[in-house]
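Visitor: So that we are looking at the same thing, I have put the structure below in structure tokens.
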Amino acid sequence: MFDKPGNALLSPGDFVHHPGKPEWGQGQVQSMIGHRITVNFENAGKVVIDGNVIELERIDERPR
């Protein structure tokens with residue numbers, strides 16, 4: 001499904017970072033449709049990520 005295998009492990013509700021946009025802060029996965037991942041970032045709002053181009057970094061603990 002994804003060219004970036006780490007994205008296949010994500011689920012809605014998971015917290016993530018965008019590796020190329022640290023200024024966006026933490027985000028929460030809202031939905032995953034095909035290779036499109038909608039994430040609500042604390043400093044950038046809702047962004048649709050192409051999961052075949054960008055591999056999001058999962059945050060294992062809940063944000064502060």
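Scheme for the structure tokens: letters A, B, ... for chains in order shown; per-chain residue numbers from 1; ligand numbers from 1 in order shown.
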List every residue of chain A that DSSP, applied to the backbone of this structure, assigns to strand (DSSP E or B), and report them as an MDAnalysis selection string.
Guide: chainID A and resid 15:17 27:33 36:41 45:50 57:59
Visitor: Excluding segment 17-20 of chain A and its own-chain neighbours fewer than 4 positions away, which residues fall within 12 Å of it when counting only C-alpha atoms? Please give them as a ChimeraX atom specification.
Guide: /A:7,10,24-29,37-44,47-51,53-60,63
Visitor: I'd like to know which of A:His35, A:Lys46, A:Gln30, A:Glu23 is closest to Ala8 of chain A, using only C-alpha atoms.
Guide: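 Result for the nearest residue to Ala8 of chain A: A:His35.
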Visitor: As a list in words, which residues of chain A does DSSP assign to helix (DSSP H, G or I)?
Guide: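 Secondary structure check on chain A, helix (DSSP H, G or I): Pro5, Gly6, Asn7, Ala8, Leu9, Pro22, Glu23 and Trp24 of chain A.
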Visitor: Counting only C-alpha atoms, which residue out of A:Gly45, A:Phe15, A:Pro22, A:Gly34 sits closest to Phe2 of chain A?
Guide: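 Closest candidate: A:Gly34.
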